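Listing of final08.txt; format and content: compact mmCIF, C-alpha atoms and all ligand atoms.
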```txt
# COMPACT_ATOMS: atom_id res chain seq x y z
CA MET Z 243 -24.42 16.69 8.41
CA GLU Z 244 -24.61 19.60 5.97
CA ASN Z 245 -25.69 17.92 2.72
CA GLN Z 246 -25.30 20.64 0.14
CA LEU Z 247 -22.15 20.75 -1.95
CA LEU Z 248 -20.73 24.14 -2.86
CA ASN Z 249 -21.86 26.24 -5.80
CA ALA Z 250 -21.92 25.24 -9.47
CA ASN Z 251 -18.51 26.78 -10.26
CA THR Z 252 -16.80 24.81 -7.51
CA GLN Z 253 -18.48 21.62 -8.67
CA LYS Z 254 -17.34 22.28 -12.25
CA PHE Z 255 -13.77 22.81 -11.02
CA TRP Z 256 -13.79 19.53 -9.02
CA LYS Z 257 -15.14 17.55 -11.96
CA GLU Z 258 -12.53 18.99 -14.36
CA GLN Z 259 -9.69 18.27 -11.92
CA TYR Z 260 -10.94 14.73 -11.33
CA ASP Z 261 -11.27 13.98 -15.05
CA LEU Z 262 -7.82 15.43 -15.75
CA ASP Z 263 -5.77 14.03 -12.85
CA GLY Z 264 -7.79 10.99 -11.71
CA PHE Z 265 -8.16 12.39 -8.19
CA ILE Z 266 -9.15 15.52 -6.27
CA TYR Z 267 -8.26 16.98 -2.90
CA ILE Z 268 -10.97 18.87 -1.00
CA PRO Z 269 -9.72 20.47 2.21
CA GLY Z 270 -12.29 20.74 5.02
CA PHE Z 271 -14.97 18.61 3.34
CA LEU Z 272 -16.32 17.81 6.82
CA SER Z 273 -16.16 20.06 9.89
CA LEU Z 274 -14.20 19.12 13.00
CA ASP Z 275 -17.51 18.54 14.82
CA GLU Z 276 -18.58 16.07 12.14
CA ILE Z 277 -15.23 14.30 12.36
CA SER Z 278 -15.43 14.01 16.13
CA ALA Z 279 -18.96 12.52 15.85
CA LEU Z 280 -17.65 9.90 13.39
CA ARG Z 281 -14.68 9.11 15.63
CA LYS Z 282 -16.95 8.74 18.65
CA GLU Z 283 -19.16 6.35 16.70
CA LEU Z 284 -16.14 4.27 15.68
CA ASP Z 285 -15.02 4.07 19.29
CA SER Z 286 -18.47 2.90 20.38
CA LEU Z 287 -18.67 -0.02 17.89
CA ASP Z 288 -18.70 -3.47 19.48
CA LEU Z 289 -16.18 -5.22 17.24
CA ASN Z 290 -16.97 -8.60 18.78
CA LYS Z 291 -20.42 -8.37 17.23
CA MET Z 292 -18.99 -7.87 13.74
CA PRO Z 293 -18.11 -10.94 11.60
CA PRO Z 294 -14.35 -11.66 11.80
CA GLU Z 295 -13.95 -11.21 8.03
CA LYS Z 296 -14.94 -7.53 8.47
CA VAL Z 297 -12.38 -6.79 11.21
CA TYR Z 298 -8.64 -6.87 10.52
CA TYR Z 299 -5.81 -6.42 13.02
CA GLU Z 300 -2.07 -6.15 12.39
CA ASN Z 301 -1.78 -8.56 15.32
CA LYS Z 302 -4.97 -10.43 16.25
CA GLU Z 303 -3.89 -10.71 19.88
CA ARG Z 304 -3.63 -6.92 20.27
CA PRO Z 305 -6.83 -4.84 20.01
CA ASP Z 306 -4.71 -1.67 19.75
CA THR Z 307 -3.49 -2.86 16.34
CA LEU Z 308 -6.90 -2.64 14.62
CA LYS Z 309 -6.21 -1.81 10.96
CA GLN Z 310 -9.42 -2.15 8.92
CA LEU Z 311 -13.21 -2.44 9.25
CA GLN Z 312 -15.47 -3.26 6.30
CA HIS Z 313 -19.08 -2.31 5.43
CA LEU Z 314 -19.43 0.09 8.35
CA PHE Z 315 -22.86 1.26 7.18
CA ASN Z 316 -24.29 -2.07 8.40
CA TYR Z 317 -23.26 -1.37 11.97
CA SER Z 318 -24.45 2.16 12.77
CA PRO Z 319 -27.21 4.55 11.63
CA LEU Z 320 -24.69 7.42 11.55
CA PHE Z 321 -22.42 5.52 9.16
CA LYS Z 322 -25.42 4.58 7.03
CA GLU Z 323 -26.55 8.17 6.68
CA THR Z 324 -22.97 9.29 5.97
CA MET Z 325 -22.62 6.78 3.14
CA PHE Z 326 -26.05 7.04 1.48
CA GLU Z 327 -28.01 10.10 0.31
CA SER Z 328 -25.33 12.33 1.77
CA LYS Z 329 -22.80 14.91 0.70
CA PHE Z 330 -20.51 11.98 -0.21
CA THR Z 331 -23.13 10.46 -2.52
CA GLU Z 332 -23.74 13.84 -4.11
CA LEU Z 333 -20.02 14.25 -4.78
CA ALA Z 334 -19.85 10.69 -6.17
CA ASN Z 335 -22.77 11.43 -8.54
CA LEU Z 336 -20.95 14.53 -9.75
CA LEU Z 337 -17.55 12.91 -10.29
CA LEU Z 338 -18.83 9.65 -11.77
CA GLY Z 339 -21.14 11.57 -14.12
CA GLU Z 340 -23.98 9.14 -13.36
CA LYS Z 341 -25.94 7.87 -10.38
CA ALA Z 342 -23.57 6.53 -7.71
CA ILE Z 343 -24.30 3.25 -5.96
CA GLY Z 344 -22.70 2.96 -2.50
CA LYS Z 345 -20.76 -0.30 -2.11
CA ASN Z 346 -18.44 -0.14 0.87
CA MET Z 347 -17.52 2.12 3.77
CA GLN Z 348 -14.25 1.20 5.43
CA PHE Z 349 -12.18 2.28 8.40
CA PHE Z 350 -8.43 2.36 7.85
CA ASN Z 351 -5.81 2.69 10.54
CA LYS Z 352 -2.07 2.28 10.55
CA PRO Z 353 -1.03 1.65 14.16
CA PRO Z 354 2.24 3.34 15.26
CA LYS Z 355 5.38 1.52 14.09
CA LEU Z 356 3.35 -1.55 13.01
CA GLY Z 357 1.14 -0.01 10.30
CA LYS Z 358 2.39 -1.50 7.02
CA PRO Z 359 2.64 0.34 3.71
CA THR Z 360 -0.39 0.16 1.41
CA PRO Z 361 1.00 -1.48 -1.74
CA PRO Z 362 0.66 0.32 -5.09
CA HIS Z 363 -2.60 -0.72 -6.71
CA GLN Z 364 -5.61 0.28 -8.79
CA ASP Z 365 -8.92 -0.28 -6.97
CA GLY Z 366 -10.54 -1.38 -10.23
CA TYR Z 367 -8.44 -4.55 -10.14
CA TYR Z 368 -10.46 -5.62 -7.07
CA PHE Z 369 -13.78 -4.24 -8.38
CA MET Z 370 -13.78 -6.10 -11.75
CA LEU Z 371 -16.06 -3.60 -13.53
CA GLU Z 372 -16.96 -2.91 -17.12
CA PRO Z 373 -16.76 0.01 -17.73
CA GLN Z 374 -14.38 1.00 -14.94
CA ASN Z 375 -16.47 3.85 -13.58
CA ALA Z 376 -16.07 3.78 -9.82
CA ILE Z 377 -14.69 6.11 -7.18
CA THR Z 378 -13.03 5.77 -3.81
CA MET Z 379 -13.15 8.62 -1.30
CA TRP Z 380 -10.69 8.80 1.55
CA LEU Z 381 -11.55 11.01 4.52
CA ALA Z 382 -8.83 11.96 7.02
CA LEU Z 383 -9.85 11.53 10.66
CA GLU Z 384 -6.59 13.01 11.90
CA ASP Z 385 -3.39 14.66 10.67
CA VAL Z 386 -1.66 12.46 8.11
CA ASP Z 387 1.77 13.13 6.60
CA GLU Z 388 4.94 11.36 5.43
CA GLU Z 389 5.65 10.09 8.94
CA ASN Z 390 2.39 8.21 9.59
CA GLY Z 391 1.67 7.23 5.98
CA CYS Z 392 0.10 9.66 3.53
CA VAL Z 393 -1.71 8.63 0.36
CA ARG Z 394 0.24 8.99 -2.91
CA TYR Z 395 -1.08 9.05 -6.47
CA VAL Z 396 0.27 8.82 -10.00
CA LYS Z 397 -1.35 11.80 -11.67
CA GLY Z 398 -3.18 10.94 -14.90
CA SER Z 399 -2.74 7.16 -14.45
CA HIS Z 400 -6.51 6.59 -14.72
CA LYS Z 401 -6.13 7.22 -18.47
CA GLU Z 402 -3.53 4.48 -18.99
CA GLY Z 403 -5.62 1.35 -18.34
CA MET Z 404 -5.16 -1.53 -15.93
CA ARG Z 405 -1.63 -2.65 -15.02
CA PRO Z 406 -0.73 -6.22 -13.94
CA HIS Z 407 -1.34 -7.11 -10.28
CA GLY Z 408 -0.41 -10.08 -8.11
CA ARG Z 409 -0.96 -11.45 -4.60
CA THR Z 410 0.61 -9.72 -1.56
CA ALA Z 411 0.98 -10.81 2.06
CA VAL Z 412 -0.66 -7.56 3.25
CA LEU Z 413 -3.97 -8.16 5.02
CA GLY Z 414 -6.64 -5.86 3.55
CA PHE Z 415 -4.61 -5.09 0.42
CA SER Z 416 -4.22 -8.49 -1.18
CA GLN Z 417 -3.19 -7.22 -4.62
CA ALA Z 418 -0.22 -5.09 -5.67
CA MET Z 419 1.03 -3.86 -9.03
CA LEU Z 420 3.77 -6.08 -10.40
CA ASP Z 421 5.45 -3.51 -12.66
CA PHE Z 422 5.60 -0.55 -10.26
CA PRO Z 423 7.33 1.84 -10.27
CA GLN Z 424 8.01 2.78 -13.84
CA GLU Z 425 10.06 5.96 -14.22
CA SER Z 426 7.00 7.88 -15.38
CA ASP Z 427 5.06 6.76 -12.27
CA LEU Z 428 7.57 8.52 -10.04
CA GLN Z 429 7.73 11.57 -12.30
CA HIS Z 430 3.98 12.03 -11.85
CA GLU Z 431 3.77 11.19 -8.14
CA VAL Z 432 1.67 13.54 -6.00
CA TYR Z 433 1.08 13.18 -2.27
CA PHE Z 434 -1.05 14.98 0.29
CA ARG Z 435 -0.46 16.05 3.87
CA VAL Z 436 -3.98 16.23 5.24
CA LYS Z 437 -5.93 17.41 8.26
CA PRO Z 438 -9.05 15.95 9.87
CA GLY Z 439 -12.04 16.57 7.58
CA ASP Z 440 -9.97 16.78 4.38
CA LEU Z 441 -11.10 14.50 1.56
CA LEU Z 442 -9.29 12.76 -1.28
CA ALA Z 443 -11.26 11.08 -4.05
CA HIS Z 444 -9.79 8.91 -6.80
CA HIS Z 445 -10.90 7.05 -9.93
CA SER Z 446 -10.85 3.24 -9.88
CA LEU Z 447 -7.93 3.16 -12.34
CA THR Z 448 -5.78 5.74 -10.52
CA ILE Z 449 -2.56 4.20 -9.19
CA HIS Z 450 -2.11 4.91 -5.48
CA TRP Z 451 -0.25 3.68 -2.43
CA ALA Z 452 0.71 4.84 1.07
CA ASP Z 453 3.73 4.57 3.30
CA GLY Z 454 3.80 2.57 6.52
CA ASN Z 455 3.44 4.36 9.84
CA GLN Z 456 6.96 5.07 11.09
CA SER Z 457 5.95 7.23 14.04
CA GLU Z 458 6.41 6.13 17.64
CA ASN Z 459 2.97 7.10 18.89
CA ARG Z 460 0.73 8.52 16.16
CA THR Z 461 -2.09 6.45 14.66
CA ARG Z 462 -3.29 7.07 11.08
CA LYS Z 463 -7.05 6.90 10.95
CA SER Z 464 -9.28 7.47 7.94
CA LEU Z 465 -12.56 6.39 6.37
CA GLY Z 466 -12.95 5.04 2.83
CA PHE Z 467 -16.14 5.27 0.74
CA ILE Z 468 -16.57 3.25 -2.47
CA TYR Z 469 -19.25 4.02 -5.08
CA TYR Z 470 -19.82 2.40 -8.48
CA GLY Z 471 -21.48 4.16 -11.39
CA GLU Z 472 -24.92 2.61 -11.95
CA ASN Z 473 -23.89 1.43 -15.44
CA ALA Z 474 -20.64 -0.18 -14.32
CA LYS Z 475 -21.32 -3.90 -14.39
CA VAL Z 476 -19.51 -6.35 -12.14
CA ASP Z 477 -18.16 -9.59 -13.59
CA GLU Z 478 -20.11 -11.39 -10.83
CA ALA Z 479 -18.65 -14.87 -11.36
CA ALA Z 480 -15.04 -13.63 -11.31
CA HIS Z 481 -15.75 -11.39 -8.31
CA LYS Z 482 -17.39 -14.18 -6.27
CA PHE Z 483 -14.58 -16.59 -7.10
CA TYR Z 484 -11.98 -14.02 -6.04
CA GLN Z 485 -13.76 -13.14 -2.74
CA GLU Z 486 -14.22 -16.79 -1.76
CA LYS Z 487 -10.63 -17.67 -2.60
CA LEU Z 488 -9.36 -14.74 -0.56
CA ALA Z 489 -11.56 -15.60 2.46
CA ARG Z 490 -10.33 -19.22 2.32
CA GLU Z 491 -6.68 -18.17 2.14
CA LEU Z 492 -7.05 -15.75 5.06
CA LYS Z 493 -8.74 -18.37 7.25
CA GLU Z 494 -6.07 -20.96 6.36
CA LYS Z 495 -3.35 -18.50 7.34
CA ASP Z 496 -5.27 -17.62 10.52
CA SER Z 497 -5.08 -13.91 9.63
CA ILE Z 498 -8.70 -13.07 10.53
O1 LIG J 501 -5.56 4.14 3.58
C1 LIG J 501 -4.73 3.74 2.75
O2 LIG J 501 -3.58 3.50 3.04
C2 LIG J 501 -5.09 3.58 1.32
C3 LIG J 501 -6.50 3.30 1.07
C4 LIG J 501 -6.70 2.77 -0.31
O3 LIG J 501 -5.79 2.34 -0.97
C5 LIG J 501 -8.00 2.77 -0.89
O4 LIG J 501 -8.97 3.17 -0.20
O5 LIG J 501 -8.14 2.39 -2.05
```
Conversion result in structure tokens:
Amino acid sequence: MENQLLNANTQKFWKEQYDLDGFIYIPGFLSLDEISALRKELDSLDLNKMPPEKVYYENKERPDTLKQLQHLFNYSPLFKETMFESKFTELANLLLGEKAIGKNMQFFNKPPKLGKPTPPHQDGYYFMLEPQNAITMWLALEDVDEENGCVRYVKGSHKEGMRPHGRTAVLGFSQAMLDFPQESDLQHEVYFRVKPGDLLAHHSLTIHWADGNQSENRTRKSLGFIYYGENAKVDEAAHKFYQEKLARELKEKDSI
């Protein structure tokens, strides 16, 4: 993978856009060859060897309804080198304004007709950080648009603090905003139709969501990369309590 980001002017532009809007869109961040290598690697993973709490299906009885994989860098050298000391890390360092620490690399899919909407949320609600300096990158592995569920943002929402969240029934997105949408959320909504290799990156306080997949036969595959700023401290006790509670609830409901 080509590691170098573009020149200093481009980097300055990305950083300014990110600070202003709470997200950036970078078309063609990876080449089509790089995307097909990542897709091949995903296809070759033996999901039976991964712990069940890292593998989510819309319907556990149907392998074609795979919807999420967690901590991919633990299961393949290619994923590890994509997550760490890569072009993604370099971009995270730039946008966070400090050294980026890689935390999670996820696969997201919305299977045709069954892929549920991603509820409106702020990632920082899950992360529990002080200060909230973390970034999520979202890499398209195929064409994504309104039909199969594109990502939507509220521009500038990263400057407005954390909004109230509560439990959802959506596997993989257990928390949703309780007071969404406000009129100003919809006034500032921005969404992206993307192609394979295009990248979105958003701040941990940026409000975002995605539609369900309404298409008859298109999947909606992407990769997510989460980095924390090295000075962002996790409220470890609260985080552990939350993770354990969630794992218990999912097992009780037989969702994983
Ligand atoms: O893929 C999606 O639908 C949204 C992903 C997302 O919300 C996230 O990575 O924070």
Distance filter 9 Å around ligand LIG 501 (chain J), atoms: only C-alpha atoms and all ligand atoms, out as JSON, numbers by chain: {"Z": [348, 349, 350, 351, 352, 358, 359, 360, 361, 362, 363, 364, 365, 378, 379, 380, 391, 392, 393, 394, 415, 444, 446, 450, 451, 452, 453, 454, 462, 463, 464, 465, 466, 467, 468]}
From Z:Tyr470, Z:Tyr433, Z:Phe326, Z:Tyr260, residue lying nearest Pro373 of chain Z [only C-alpha atoms]: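 Smallest separation from Pro373 of chain Z among the options: Z:Tyr470.
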Could you pull the residues within 9 Å of Pro269 of chain Z, counting all atoms listed in the file, minus those fewer than 3 positions along the same chain, as an mmCIF file with C-alpha atoms, in the frame of the given file?
```cif
data_model
loop_
_atom_site.group_PDB
_atom_site.id
_atom_site.type_symbol
_atom_site.label_atom_id
_atom_site.label_comp_id
_atom_site.auth_asym_id
_atom_site.auth_seq_id
_atom_site.Cartn_x
_atom_site.Cartn_y
_atom_site.Cartn_z
ATOM 1 C CA LEU Z 272 -16.320 17.810 6.820
ATOM 2 C CA VAL Z 436 -3.980 16.230 5.240
ATOM 3 C CA LYS Z 437 -5.930 17.410 8.260
ATOM 4 C CA PRO Z 438 -9.050 15.950 9.870
ATOM 5 C CA GLY Z 439 -12.040 16.570 7.580
ATOM 6 C CA ASP Z 440 -9.970 16.780 4.380
ATOM 7 C CA LEU Z 441 -11.100 14.500 1.560
ATOM 8 C CA LEU Z 442 -9.290 12.760 -1.280
#
```
Top pick for closest residue to Gly414 of chain Z, considering Z:Gln485, Z:Gln310, Z:Ser399, Z:Thr324 and counting all atoms listed in the file: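 Comparing Z:Gln485, Z:Gln310, Z:Ser399, Z:Thr324 against Gly414 of chain Z, the winner is Z:Gln310.
Take atom CA of Gln417 of chain Z and atom CA of Glu388 of chain Z: the distance between them is 22.6 Å.
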Between atom CA of Glu332 of chain Z and atom CA of Phe265 of chain Z, distance in Å (one decimal):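 Straight-line distance from atom CA of Glu332 of chain Z to atom CA of Phe265 of chain Z works out to 16.2 Å.
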